[in-house]
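Novice: Got a structure for you, upload.txt, holding compact mmCIF, C-alpha atoms.
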```
# COMPACT_ATOMS: atom_id res chain seq x y z
CA MET A 1476 2.25 1.13 36.83
CA GLU A 1477 4.18 -2.16 36.88
CA ALA A 1478 6.37 -3.86 34.25
CA LEU A 1479 6.63 -7.64 34.23
CA SER A 1480 9.37 -9.37 32.24
CA HIS A 1481 8.54 -12.77 30.80
CA ASN A 1482 10.98 -15.52 29.87
CA ASP A 1483 8.31 -17.72 28.33
CA ILE A 1484 6.18 -16.75 25.34
CA SER A 1485 3.14 -18.56 26.76
CA ASP A 1486 3.34 -16.58 30.00
CA PHE A 1487 3.65 -13.35 27.99
CA LEU A 1488 0.62 -14.18 25.87
CA ALA A 1489 -1.39 -15.15 28.93
CA ALA A 1490 -0.72 -11.66 30.26
CA ALA A 1491 -0.71 -9.47 27.15
CA GLY A 1492 -2.22 -11.55 24.33
CA ASP A 1493 -5.75 -10.18 24.62
CA PHE A 1494 -4.42 -6.62 24.85
CA LEU A 1495 -2.41 -7.01 21.63
CA ASP A 1496 -5.28 -8.76 19.84
CA ALA A 1497 -7.62 -5.85 20.65
CA ASP A 1498 -5.77 -3.57 18.19
CA PRO A 1499 -4.22 -5.84 15.56
CA VAL A 1500 -3.58 -3.01 13.09
CA ASN A 1501 -1.36 -0.91 15.36
CA HIS A 1502 0.04 -4.01 17.08
CA SER A 1503 0.74 -5.95 13.88
CA VAL A 1504 4.53 -5.98 14.29
CA HIS A 1505 4.20 -7.22 17.88
CA LEU A 1506 1.83 -9.97 16.75
CA THR A 1507 3.93 -11.17 13.82
CA GLY A 1508 7.00 -11.19 16.06
CA VAL A 1509 5.20 -13.30 18.65
CA ASP A 1510 3.97 -15.61 15.89
CA ALA A 1511 7.57 -16.09 14.71
CA VAL A 1512 8.55 -17.12 18.25
CA LEU A 1513 5.65 -19.57 18.50
CA ARG A 1514 6.69 -21.14 15.19
CA GLY A 1515 10.29 -21.47 16.33
CA ARG A 1516 11.54 -19.12 13.60
CA ARG A 1517 13.03 -16.40 15.80
CA PRO A 1518 13.70 -16.32 19.56
CA ALA A 1519 12.44 -13.51 21.76
CA VAL A 1520 14.92 -11.31 23.62
CA THR A 1521 12.47 -9.00 25.38
CA LEU A 1522 8.87 -9.69 26.44
CA ILE A 1523 7.36 -7.14 28.81
CA SER A 1524 3.75 -6.68 29.88
CA LEU A 1525 2.69 -3.41 31.49
CA HIS A 1526 0.03 -3.32 34.19
CA ASP A 1527 -1.89 -0.58 35.97
CA ASN A 1528 -4.33 -1.28 38.81
CA GLY A 1529 -4.59 -4.89 37.74
CA ASN A 1530 -5.24 -4.10 34.07
CA VAL A 1531 -2.87 -4.75 31.16
CA VAL A 1532 -2.17 -1.38 29.55
CA GLY A 1533 0.75 -2.12 27.26
CA ALA A 1534 3.49 -4.40 26.01
CA VAL A 1535 7.05 -4.17 24.70
CA THR A 1536 8.77 -6.84 22.59
CA ARG A 1537 12.09 -7.48 20.93
CA MET A 1538 12.93 -10.47 18.76
CA GLU A 1539 16.47 -11.57 18.04
CA GLY A 1540 18.03 -9.40 15.34
CA ARG A 1541 15.15 -6.91 15.39
CA PRO A 1542 14.69 -3.48 17.04
CA LEU A 1543 12.96 -2.99 20.36
CA HIS A 1544 9.30 -2.52 19.47
CA VAL A 1545 7.27 -0.04 21.54
CA ALA A 1546 4.10 0.50 19.48
CA ALA A 1547 2.02 -0.95 22.35
CA MET A 1548 3.84 0.92 25.13
CA PRO A 1549 2.04 3.85 26.78
CA VAL A 1550 4.17 7.00 26.61
CA THR A 1551 3.98 7.30 30.39
CA ALA A 1552 5.55 3.85 30.77
CA ALA A 1553 8.79 4.83 29.01
CA PRO A 1554 10.79 5.51 32.23
CA LEU A 1555 9.69 2.18 33.69
CA VAL A 1556 10.60 0.28 30.52
CA ALA A 1557 13.99 2.00 30.24
CA GLU A 1558 14.75 1.00 33.83
CA VAL A 1559 13.75 -2.63 33.27
CA LEU A 1560 15.98 -2.79 30.16
CA ARG A 1561 18.97 -0.93 31.63
CA ASP A 1562 21.29 -3.97 31.35
CA GLN A 1563 20.33 -4.86 27.77
CA ASP A 1564 22.29 -3.82 24.70
CA ILE A 1565 19.64 -2.06 22.63
CA ASN A 1566 20.74 -0.15 19.54
CA GLU A 1567 17.42 0.25 17.73
CA VAL A 1568 13.87 1.14 18.71
CA THR A 1569 10.79 1.35 16.51
CA GLY A 1570 7.10 2.07 16.90
CA THR A 1571 4.73 5.00 16.78
CA ARG A 1572 6.63 8.28 16.82
CA ASP A 1573 5.46 9.50 20.23
CA ARG A 1574 6.44 6.25 21.93
CA VAL A 1575 9.83 6.05 20.21
CA GLU A 1576 10.55 9.64 21.22
CA ALA A 1577 9.58 8.95 24.83
CA PHE A 1578 11.88 5.92 25.05
CA ARG A 1579 14.88 7.15 23.10
CA ARG A 1580 15.20 10.39 25.13
CA LEU A 1581 15.63 8.27 28.25
CA TRP A 1582 17.85 5.58 26.79
CA ARG A 1583 21.08 7.35 25.89
CA ASP A 1584 22.53 10.31 24.03
CA GLY A 1585 23.46 10.27 20.36
CA GLY A 1586 21.81 8.22 17.67
CA THR A 1587 19.62 9.30 14.81
CA GLU A 1588 16.22 8.69 13.29
CA THR A 1589 16.81 6.24 10.46
CA TYR A 1590 13.22 6.17 9.17
CA ALA A 1591 10.16 8.37 9.40
CA LEU A 1592 7.26 6.16 8.38
CA ARG A 1593 3.51 6.27 7.98
CA LEU A 1594 1.32 3.28 8.71
CA TYR A 1595 -1.53 2.84 6.23
CA ARG A 1596 -4.57 0.57 6.27
CA LEU A 1597 -6.36 -0.48 3.10
CA GLU A 1598 -9.94 0.77 3.20
CA GLU A 1599 -11.34 0.05 -0.28
CA LEU A 1600 -9.02 -1.46 -2.84
CA VAL A 1601 -8.81 0.37 -6.17
CA VAL A 1602 -7.25 -2.03 -8.67
CA PRO A 1603 -5.15 0.02 -11.12
CA ASP A 1604 -5.53 -0.39 -14.84
CA VAL A 1605 -1.99 -1.49 -15.65
CA PRO A 1606 -0.84 -3.76 -18.49
CA GLY A 1607 0.22 -7.21 -17.36
CA GLU A 1608 -0.87 -9.85 -14.91
CA SER A 1609 0.04 -11.18 -11.49
CA ARG A 1610 0.95 -14.58 -10.19
CA LEU A 1611 2.13 -16.03 -6.92
CA THR A 1612 5.79 -16.90 -6.80
CA THR A 1613 7.05 -20.47 -6.90
CA PRO A 1614 10.31 -22.00 -5.64
CA ALA A 1615 11.73 -21.35 -9.14
CA ASP A 1616 11.50 -17.60 -8.37
CA ASP A 1617 13.54 -17.75 -5.16
CA ASP A 1618 16.77 -16.53 -6.71
CA LEU A 1619 15.02 -13.59 -8.38
CA ILE A 1620 13.15 -12.58 -5.22
CA THR A 1621 16.28 -12.87 -3.09
CA GLU A 1622 18.20 -10.68 -5.54
CA TRP A 1623 15.43 -8.09 -5.61
CA TRP A 1624 15.25 -8.18 -1.82
CA ILE A 1625 18.95 -7.37 -1.62
CA ARG A 1626 18.54 -4.50 -4.09
CA PHE A 1627 15.58 -3.23 -2.07
CA VAL A 1628 17.69 -3.15 1.11
CA GLU A 1629 20.58 -1.53 -0.76
CA GLU A 1630 18.32 1.32 -1.87
CA LEU A 1631 16.31 1.69 1.32
CA ASP A 1632 19.23 1.64 3.74
CA GLY A 1633 21.93 2.99 1.44
CA LEU A 1634 24.11 -0.01 2.17
CA PRO A 1635 26.89 -1.60 0.15
CA ARG A 1636 26.05 -4.92 -1.43
CA GLU A 1637 27.78 -7.08 1.21
CA GLU A 1638 25.91 -5.47 4.11
CA ALA A 1639 22.62 -5.55 2.22
CA GLU A 1640 23.00 -9.29 1.71
CA LYS A 1641 23.32 -9.75 5.47
CA ARG A 1642 20.18 -7.75 6.16
CA ALA A 1643 18.02 -9.14 3.38
CA MET A 1644 16.03 -12.16 4.44
CA ASP A 1645 16.21 -15.11 2.10
CA SER A 1646 12.75 -15.38 0.55
CA ARG A 1647 12.74 -19.14 0.93
CA TRP A 1648 12.39 -18.71 4.70
CA MET A 1649 9.55 -16.18 4.56
CA ASP A 1650 6.18 -17.41 5.83
CA ALA A 1651 4.37 -15.00 3.55
CA GLY A 1652 2.74 -14.32 0.23
CA HIS A 1653 4.85 -13.12 -2.69
CA VAL A 1654 3.36 -11.81 -5.92
CA LEU A 1655 5.10 -10.96 -9.17
CA TRP A 1656 3.68 -8.58 -11.76
CA LEU A 1657 4.54 -9.72 -15.26
CA VAL A 1658 4.36 -8.02 -18.65
CA TYR A 1659 4.53 -10.43 -21.59
CA GLY A 1660 5.71 -13.05 -19.10
CA VAL A 1661 8.62 -10.94 -17.83
CA PRO A 1662 8.67 -10.12 -14.08
CA VAL A 1663 8.71 -6.32 -13.68
CA SER A 1664 7.69 -5.83 -10.04
CA TRP A 1665 7.31 -7.74 -6.80
CA ALA A 1666 5.29 -7.30 -3.61
CA GLY A 1667 5.44 -9.43 -0.49
CA SER A 1668 3.13 -9.67 2.48
CA THR A 1669 3.31 -11.27 5.89
CA ALA A 1670 1.15 -14.29 6.48
CA PRO A 1671 -2.10 -13.42 8.28
CA VAL A 1672 -1.72 -12.96 12.04
CA GLY A 1673 -4.54 -11.58 14.16
CA GLY A 1674 -6.59 -10.96 11.03
CA VAL A 1675 -3.92 -8.67 9.55
CA SER A 1676 -1.38 -8.98 6.74
CA ARG A 1677 1.36 -6.39 6.36
CA VAL A 1678 2.50 -5.63 2.81
CA GLY A 1679 6.20 -5.25 2.14
CA PRO A 1680 8.71 -5.23 0.62
CA VAL A 1681 7.55 -3.75 -2.69
CA TYR A 1682 10.26 -3.48 -5.34
CA THR A 1683 10.44 -2.55 -9.00
CA PRO A 1684 13.80 -2.54 -10.82
CA PRO A 1685 14.76 0.95 -12.04
CA GLU A 1686 14.28 0.05 -15.72
CA HIS A 1687 10.62 -0.83 -15.08
CA ARG A 1688 9.59 2.11 -12.92
CA ARG A 1689 6.99 4.80 -13.63
CA HIS A 1690 4.58 2.42 -15.33
CA GLY A 1691 2.31 1.65 -12.36
CA TYR A 1692 3.73 -1.83 -11.83
CA ALA A 1693 4.37 -1.34 -8.10
CA ALA A 1694 0.76 -0.27 -7.60
CA ALA A 1695 -0.43 -3.30 -9.54
CA ALA A 1696 1.76 -5.70 -7.57
CA THR A 1697 0.67 -4.15 -4.26
CA ALA A 1698 -2.98 -4.46 -5.23
CA ALA A 1699 -2.43 -8.07 -6.26
CA VAL A 1700 -0.74 -9.09 -3.01
CA SER A 1701 -3.50 -7.29 -1.09
CA GLN A 1702 -6.04 -9.41 -2.95
CA TRP A 1703 -4.00 -12.49 -2.01
CA ALA A 1704 -4.18 -11.45 1.65
CA TYR A 1705 -7.93 -10.97 1.50
CA GLY A 1706 -8.17 -14.38 -0.10
CA GLU A 1707 -6.37 -15.76 2.95
CA GLY A 1708 -9.18 -14.38 5.10
CA VAL A 1709 -7.65 -11.26 6.68
CA ASP A 1710 -9.76 -8.40 7.98
CA HIS A 1711 -7.12 -5.73 7.40
CA VAL A 1712 -4.22 -5.15 5.00
CA VAL A 1713 -1.64 -2.64 6.19
CA LEU A 1714 1.72 -1.29 5.11
CA THR A 1715 4.28 1.32 6.12
CA ALA A 1716 5.75 3.84 3.70
CA ASP A 1717 8.86 5.98 4.06
CA LEU A 1718 7.75 9.60 4.39
CA ALA A 1719 10.91 10.60 2.53
CA ASP A 1720 9.46 8.89 -0.57
CA PRO A 1721 6.42 10.93 -1.69
CA THR A 1722 5.98 8.79 -4.79
CA ALA A 1723 5.43 5.62 -2.78
CA ASN A 1724 3.00 7.36 -0.43
CA SER A 1725 1.04 8.67 -3.40
CA VAL A 1726 0.97 5.24 -5.08
CA TYR A 1727 -0.40 3.52 -1.97
CA GLN A 1728 -3.05 6.16 -1.36
CA GLY A 1729 -4.06 5.89 -5.00
CA ILE A 1730 -5.07 2.25 -4.56
CA GLY A 1731 -7.01 2.80 -1.35
CA PHE A 1732 -4.59 2.89 1.58
CA ARG A 1733 -5.36 5.53 4.22
CA PRO A 1734 -3.12 6.87 7.01
CA VAL A 1735 -3.40 5.38 10.50
CA SER A 1736 -0.39 6.70 12.44
CA ASP A 1737 3.14 8.01 12.04
CA TRP A 1738 6.04 5.79 13.03
CA SER A 1739 9.75 6.18 13.62
CA GLU A 1740 12.86 4.03 13.79
CA TYR A 1741 15.74 5.29 15.85
CA ARG A 1742 19.23 3.81 15.89
CA TRP A 1743 22.34 4.31 17.98
CA PHE A 1744 25.43 3.50 15.88
```
Turn this file's structure into structure tokens for me.
Specialist:
Amino acid sequence: MEALSHNDISDFLAAAGDFLDADPVNHSVHLTGVDAVLRGRRPAVTLISLHDNGNVVGAVTRMEGRPLHVAAMPVTAAPLVAEVLRDQDINEVTGTRDRVEAFRRLWRDGGTETYALRLYRLEELVVPDVPGESRLTTPADDDLITEWWIRFVEELDGLPREEAEKRAMDSRWMDAGHVLWLVYGVPVSWAGSTAPVGGVSRVGPVYTPPEHRRHGYAAAATAAVSQWAYGEGVDHVVLTADLADPTANSVYQGIGFRPVSDWSEYRWF
């Protein structure tokens, strides 16, 4: 097996583009990262194509400010990838669990699994019967969405407010769909989704303020943003859920999402 590093996104896509496009569900994060590079929104730090007997068998990517992504890396390629990256400062790796485990054991000692996740794909949408209605966000909602995004990061990562603000992406710069669920005109939940890439949209974040929880609003917002994605012409809607949150996993399965694979994020502090 051979690993080729690419400094140019066009060269990388010429080598690995068809391989990534062949499985857009499992390669969704790779594809949206590449799309961000093509749009000039985020530079690439790592672009590796993996070859065996003249065939492309895998890829590894890392965008600035994001973890190393190994969902498209064969487990057997982990030693080769670790060697190619030996001079890079990599503190996070994410992807399917088996691939993350293969890489992180070779990278360095210490660290911890920060998330155990499950990737779901929407098979047949079940729209919940929940009071209220949905609408797409407008620029007037930016402050609200940004605030909810910060709260989402605070809860998910257990971070203090200042650090959560640094991690939360300002909604005004998201090339995505955002849907609010409203009851009597009051926003009670929010769901975002990536813009379609490779026929796939990835739902997330989904956030409901504590005072509005346990009414089905998150399920309704998720269903609504999924309908938005289908309206944009996607073939698949996917999302990842934290396995430590059984409620979220139950909610997503209740509206038609079905498991695809288990994922992990590993971080060295």
Novice: Go ahead and compute the interatomic distance for CA of Arg1636 (chain A) and CA of Pro1685 (chain A), in Å to one decimal.
Specialist: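 CA of Pro1685 (chain A) lies at a distance of 16.6 Å from CA of Arg1636 (chain A).
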Novice: As a ChimeraX atom specification, please: the residues near Leu1611 (chain A) (cut-off 7 Å, all atoms listed in the file, same-chain neighbours under 5 positions excluded).
Specialist: /A:1653-1655
Novice: Could you check which of A:Arg1574, A:Arg1742, A:Arg1514, A:Arg1583 is closest to Ile1484 (chain A), using all atoms listed in the file?
Specialist: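 So, comparing all the options, the nearest one is A:Arg1514.
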Novice: Using CA of His1481 (chain A) and CA of Ser1668 (chain A) as the two end points, give the distance in Å to one decimal.
Specialist: 29.0 Å
Novice: For Ser1609 (chain A), find every residue with an atom within 10 Å (counting only C-alpha atoms), except residues of its own chain fewer than 3 positions away, and show them as a ChimeraX atom specification.
Specialist: /A:1612,1654-1658,1660,1662,1664-1665,1695-1696,1698-1700
Novice: Since we have the selection now, will you write its residues out, keeping C-alpha atoms, as a short mmCIF file (atom, residue, chain, number, x, y, z; two decimals), in the coordinates of the input?
Specialist:
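Dumped everything to selection-v8.cif:
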```cif
data_model
loop_
_atom_site.label_atom_id
_atom_site.label_comp_id
_atom_site.auth_asym_id
_atom_site.auth_seq_id
_atom_site.Cartn_x
_atom_site.Cartn_y
_atom_site.Cartn_z
CA THR A 1612 5.79 -16.90 -6.80
CA VAL A 1654 3.36 -11.81 -5.92
CA LEU A 1655 5.10 -10.96 -9.17
CA TRP A 1656 3.68 -8.58 -11.76
CA LEU A 1657 4.54 -9.72 -15.26
CA VAL A 1658 4.36 -8.02 -18.65
CA GLY A 1660 5.71 -13.05 -19.10
CA PRO A 1662 8.67 -10.12 -14.08
CA SER A 1664 7.69 -5.83 -10.04
CA TRP A 1665 7.31 -7.74 -6.80
CA ALA A 1695 -0.43 -3.30 -9.54
CA ALA A 1696 1.76 -5.70 -7.57
CA ALA A 1698 -2.98 -4.46 -5.23
CA ALA A 1699 -2.43 -8.07 -6.26
CA VAL A 1700 -0.74 -9.09 -3.01
#
```
Novice: Quick one: everything within 10 Å of Thr1589 (chain A), counting only C-alpha atoms, minus sequence neighbours fewer than 6 positions away in the same chain. Send it as an NGL selection string.
Specialist: :A and (1567 or 1569 or 1632 or 1739-1743)
Novice: When you look at Asn1501 (chain A) with a cut-off of 12 Å (counting only C-alpha atoms), what residues show up, excluding the ones that are within fewer than 3 positions of it in the same chain? I need them as a count of residues only.
Specialist: 34
Novice: Looking at A:Leu1619, A:Val1661, A:Ala1651, A:Val1602, which one is nearest to Ile1730 (chain A), with distances taken over all atoms listed in the file?
Specialist: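 Among A:Leu1619, A:Val1661, A:Ala1651, A:Val1602, it is A:Val1602 that comes nearest to Ile1730 (chain A).
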Novice: Provide the CA of Pro1671 (chain A) to CA of Arg1516 (chain A) distance in Å, to one decimal place.
Specialist: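 Between CA of Pro1671 (chain A) and CA of Arg1516 (chain A) the gap works out to 15.7 Å.
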Novice: Determine the nearest neighbour of Ala1719 (chain A) from the options A:Val1509, A:Leu1631, A:Pro1549, A:Thr1521, counting all atoms listed in the file.
Specialist: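 Under the stated criterion, the closest residue is A:Leu1631.
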